[in-house]
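Accompanying notes for the structure given below.
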Amino acid sequence: MLREVVNTMPSILFVCTGNIFRSMTAEYALKAMLDPYSPIRVSSAGTVALPQAMRPDVHAYILRRGIDPSQHQQRKVSAEPLHASDCVIAMSRDHQAFLFDTFQYQAPLFNEVCHGRQYLRQRWR
């Protein structure tokens with residue numbers, strides 16, 4: 001699928017379910033690792049993203065790493081940010097399947113991109 005060029009800065013979008021744990025943590029962790037003047041835009045979204053508060057233990061975990069997620073606002077993934085991103089990373093196989101089924105978008109998994117791990121399907125006999 002061709003992607004329309006919307007901006008000139010490279011961008012990464014992490015996708016999970018609620019956008020208050022996995023994708024949000026990946027977004028803020030990568031932002032913390034990048035140079036403050038990096039041209040890379042990093043964001044996150046959820047496949048469901050129902051309004052809910054971040055769990056206190058997640059908030060505390062991120063704060064202990066020197067990252068303040070208090071300004072985070074949940075958002076649901078939609079076609080616009082999906083197709084405006086240079087790299088979309090699904091946090092699990094379910095998210096990967098949702099992106100394909102809903103938007104016909106093939107996104108790699110987080111573990112494939114960040115850890116070089118390939119998903120191996122076990123066959124039970």
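A note on labels: chains of the structure tokens are A, B, ... as shown, every chain counts residues from 1, and ligands are counted from 1 in their shown order.
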
Margin query: Let's see if you can do this: from backbone DSSP, list all strand (DSSP E) residues in chain A, as a PyMOL selection string.
Written below: chain A and resi 11-16+41-46+87-90

File dump, residues just selected, N, CA and C atoms, as a PDB file, in the first residue's frame:
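Output file selection.pdb is given in full below:
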ATOM      1  N   SER A  11       8.915   9.150  11.404  1.00  0.00           N
ATOM      2  CA  SER A  11       8.011   8.938  12.533  1.00  0.00           C
ATOM      3  C   SER A  11       7.811   7.453  12.813  1.00  0.00           C
ATOM      4  N   ILE A  12       7.617   7.163  14.101  1.00  0.00           N
ATOM      5  CA  ILE A  12       7.402   5.801  14.578  1.00  0.00           C
ATOM      6  C   ILE A  12       6.122   5.802  15.399  1.00  0.00           C
ATOM      7  N   LEU A  13       5.275   4.810  15.162  1.00  0.00           N
ATOM      8  CA  LEU A  13       4.023   4.664  15.901  1.00  0.00           C
ATOM      9  C   LEU A  13       3.995   3.271  16.521  1.00  0.00           C
ATOM     10  N   PHE A  14       3.843   3.190  17.850  1.00  0.00           N
ATOM     11  CA  PHE A  14       3.695   1.930  18.565  1.00  0.00           C
ATOM     12  C   PHE A  14       2.206   1.695  18.808  1.00  0.00           C
ATOM     13  N   VAL A  15       1.742   0.452  18.625  1.00  0.00           N
ATOM     14  CA  VAL A  15       0.316   0.145  18.783  1.00  0.00           C
ATOM     15  C   VAL A  15       0.119  -1.033  19.731  1.00  0.00           C
ATOM     16  N   CYS A  16      -0.744  -0.825  20.744  1.00  0.00           N
ATOM     17  CA  CYS A  16      -1.155  -1.902  21.641  1.00  0.00           C
ATOM     18  C   CYS A  16      -2.681  -1.836  21.774  1.00  0.00           C
ATOM     19  N   ARG A  41       9.854  11.673  15.154  1.00  0.00           N
ATOM     20  CA  ARG A  41       8.613  11.811  15.929  1.00  0.00           C
ATOM     21  C   ARG A  41       8.198  10.429  16.404  1.00  0.00           C
ATOM     22  N   VAL A  42       7.877  10.296  17.676  1.00  0.00           N
ATOM     23  CA  VAL A  42       7.481   9.014  18.248  1.00  0.00           C
ATOM     24  C   VAL A  42       6.109   9.191  18.897  1.00  0.00           C
ATOM     25  N   SER A  43       5.202   8.257  18.604  1.00  0.00           N
ATOM     26  CA  SER A  43       3.867   8.328  19.186  1.00  0.00           C
ATOM     27  C   SER A  43       3.351   6.922  19.437  1.00  0.00           C
ATOM     28  N   SER A  44       2.163   6.844  20.009  1.00  0.00           N
ATOM     29  CA  SER A  44       1.543   5.546  20.287  1.00  0.00           C
ATOM     30  C   SER A  44       0.038   5.674  20.176  1.00  0.00           C
ATOM     31  N   ALA A  45      -0.599   4.514  20.031  1.00  0.00           N
ATOM     32  CA  ALA A  45      -2.058   4.459  19.927  1.00  0.00           C
ATOM     33  C   ALA A  45      -2.518   3.069  20.330  1.00  0.00           C
ATOM     34  N   GLY A  46      -3.818   2.940  20.571  1.00  0.00           N
ATOM     35  CA  GLY A  46      -4.378   1.655  20.960  1.00  0.00           C
ATOM     36  C   GLY A  46      -5.452   1.188  19.998  1.00  0.00           C
ATOM     37  N   CYS A  87       7.147   4.106  10.334  1.00  0.00           N
ATOM     38  CA  CYS A  87       7.323   2.789  10.928  1.00  0.00           C
ATOM     39  C   CYS A  87       6.228   2.588  11.967  1.00  0.00           C
ATOM     40  N   VAL A  88       5.415   1.564  11.786  1.00  0.00           N
ATOM     41  CA  VAL A  88       4.370   1.218  12.747  1.00  0.00           C
ATOM     42  C   VAL A  88       4.767  -0.116  13.348  1.00  0.00           C
ATOM     43  N   ILE A  89       4.777  -0.179  14.675  1.00  0.00           N
ATOM     44  CA  ILE A  89       5.219  -1.380  15.378  1.00  0.00           C
ATOM     45  C   ILE A  89       4.083  -1.891  16.250  1.00  0.00           C
ATOM     46  N   ALA A  90       3.674  -3.129  16.017  1.00  0.00           N
ATOM     47  CA  ALA A  90       2.633  -3.775  16.805  1.00  0.00           C
ATOM     48  C   ALA A  90       3.266  -4.416  18.033  1.00  0.00           C
TER      49      ALA A  90
END

Checklist line | Residue neighbourhood range 106-120 of chain A, 12 Å, only C-alpha atoms, exclusion window fewer than 2 positions, as number ranges by chain | finding: A: 1, 12-16, 22-23, 26-27, 30, 82-83, 85-104, 122-123

I need the chosen residues saved as a PDB file, in the first residue's frame, with C-alpha atoms.
ATOM      1  CA  MET A   1       0.000   0.000   0.000  1.00  0.00           C
ATOM      2  CA  ILE A  12       7.402   5.801  14.578  1.00  0.00           C
ATOM      3  CA  LEU A  13       4.023   4.664  15.901  1.00  0.00           C
ATOM      4  CA  PHE A  14       3.695   1.930  18.565  1.00  0.00           C
ATOM      5  CA  VAL A  15       0.316   0.145  18.783  1.00  0.00           C
ATOM      6  CA  CYS A  16      -1.155  -1.902  21.641  1.00  0.00           C
ATOM      7  CA  ARG A  22       2.831  -1.238  26.341  1.00  0.00           C
ATOM      8  CA  SER A  23       2.711   1.199  23.435  1.00  0.00           C
ATOM      9  CA  ALA A  26       7.616   2.110  24.291  1.00  0.00           C
ATOM     10  CA  GLU A  27       6.832   5.641  23.094  1.00  0.00           C
ATOM     11  CA  LEU A  30      12.265   5.749  22.943  1.00  0.00           C
ATOM     12  CA  LEU A  82      -1.175   4.921  10.776  1.00  0.00           C
ATOM     13  CA  HIS A  83      -0.520   5.901   7.178  1.00  0.00           C
ATOM     14  CA  SER A  85       3.929   7.024  10.103  1.00  0.00           C
ATOM     15  CA  ASP A  86       7.139   5.739   8.552  1.00  0.00           C
ATOM     16  CA  CYS A  87       7.323   2.789  10.928  1.00  0.00           C
ATOM     17  CA  VAL A  88       4.370   1.218  12.747  1.00  0.00           C
ATOM     18  CA  ILE A  89       5.219  -1.380  15.378  1.00  0.00           C
ATOM     19  CA  ALA A  90       2.633  -3.775  16.805  1.00  0.00           C
ATOM     20  CA  MET A  91       3.194  -4.783  20.403  1.00  0.00           C
ATOM     21  CA  SER A  92       1.690  -8.295  19.950  1.00  0.00           C
ATOM     22  CA  ARG A  93       0.316 -10.679  17.320  1.00  0.00           C
ATOM     23  CA  ASP A  94      -3.237  -9.548  18.203  1.00  0.00           C
ATOM     24  CA  HIS A  95      -2.332  -5.931  17.435  1.00  0.00           C
ATOM     25  CA  GLN A  96      -0.577  -6.992  14.261  1.00  0.00           C
ATOM     26  CA  ALA A  97      -3.698  -8.891  13.136  1.00  0.00           C
ATOM     27  CA  PHE A  98      -5.963  -5.935  14.017  1.00  0.00           C
ATOM     28  CA  LEU A  99      -3.866  -3.549  11.925  1.00  0.00           C
ATOM     29  CA  PHE A 100      -3.995  -5.903   8.965  1.00  0.00           C
ATOM     30  CA  ASP A 101      -7.686  -6.827   9.293  1.00  0.00           C
ATOM     31  CA  THR A 102      -8.834  -3.240   9.851  1.00  0.00           C
ATOM     32  CA  PHE A 103      -6.425  -1.217   7.704  1.00  0.00           C
ATOM     33  CA  GLN A 104      -4.685  -3.830   5.503  1.00  0.00           C
ATOM     34  CA  GLN A 122       4.781 -23.929  17.553  1.00  0.00           C
ATOM     35  CA  ARG A 123       3.023 -26.893  16.033  1.00  0.00           C
TER      36      ARG A 123
END

Checklist line | Between CA of Ala49 in chain A and CA of Lys76 in chain A, distance in Å (one decimal) | finding: 5.2 Å

Next item on the list: Quick one: everything within 12 Å of Gln71 in chain A, counting only C-alpha atoms, minus sequence neighbours fewer than 4 positions away in the same chain. Send it as a list in words.
Entry: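 Selected residues are Ile20, Met24, Tyr28, Met54, His59 and Ile67 of chain A.
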
Check: Separation of CA of Gln74 in chain A and CA of Asp57 in chain A, in Å?
Finding: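 CA of Asp57 in chain A lies 17.4 Å from CA of Gln74 in chain A.
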
Item checked: Computed interatomic separation between CA of Phe21 in chain A and CA of Ile62 in chain A (Å) ->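 It comes out at 9.8 Å.
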
Note to self: Give me the residues near Leu63 in chain A as a list in words, where near means some atom within 12 Å (using only C-alpha atoms) and where sequence neighbours in that chain fewer than 6 positions away do not count.
What the structure shows: Thr25, Tyr28, Ala29, Ala32, Pro56, Asp57, Pro69 and Ser70 of chain A

Notebook entry, point to check: Out of chain A, which residues get alpha helix (DSSP H) from DSSP, as a count of residues only?
Noted result: 44
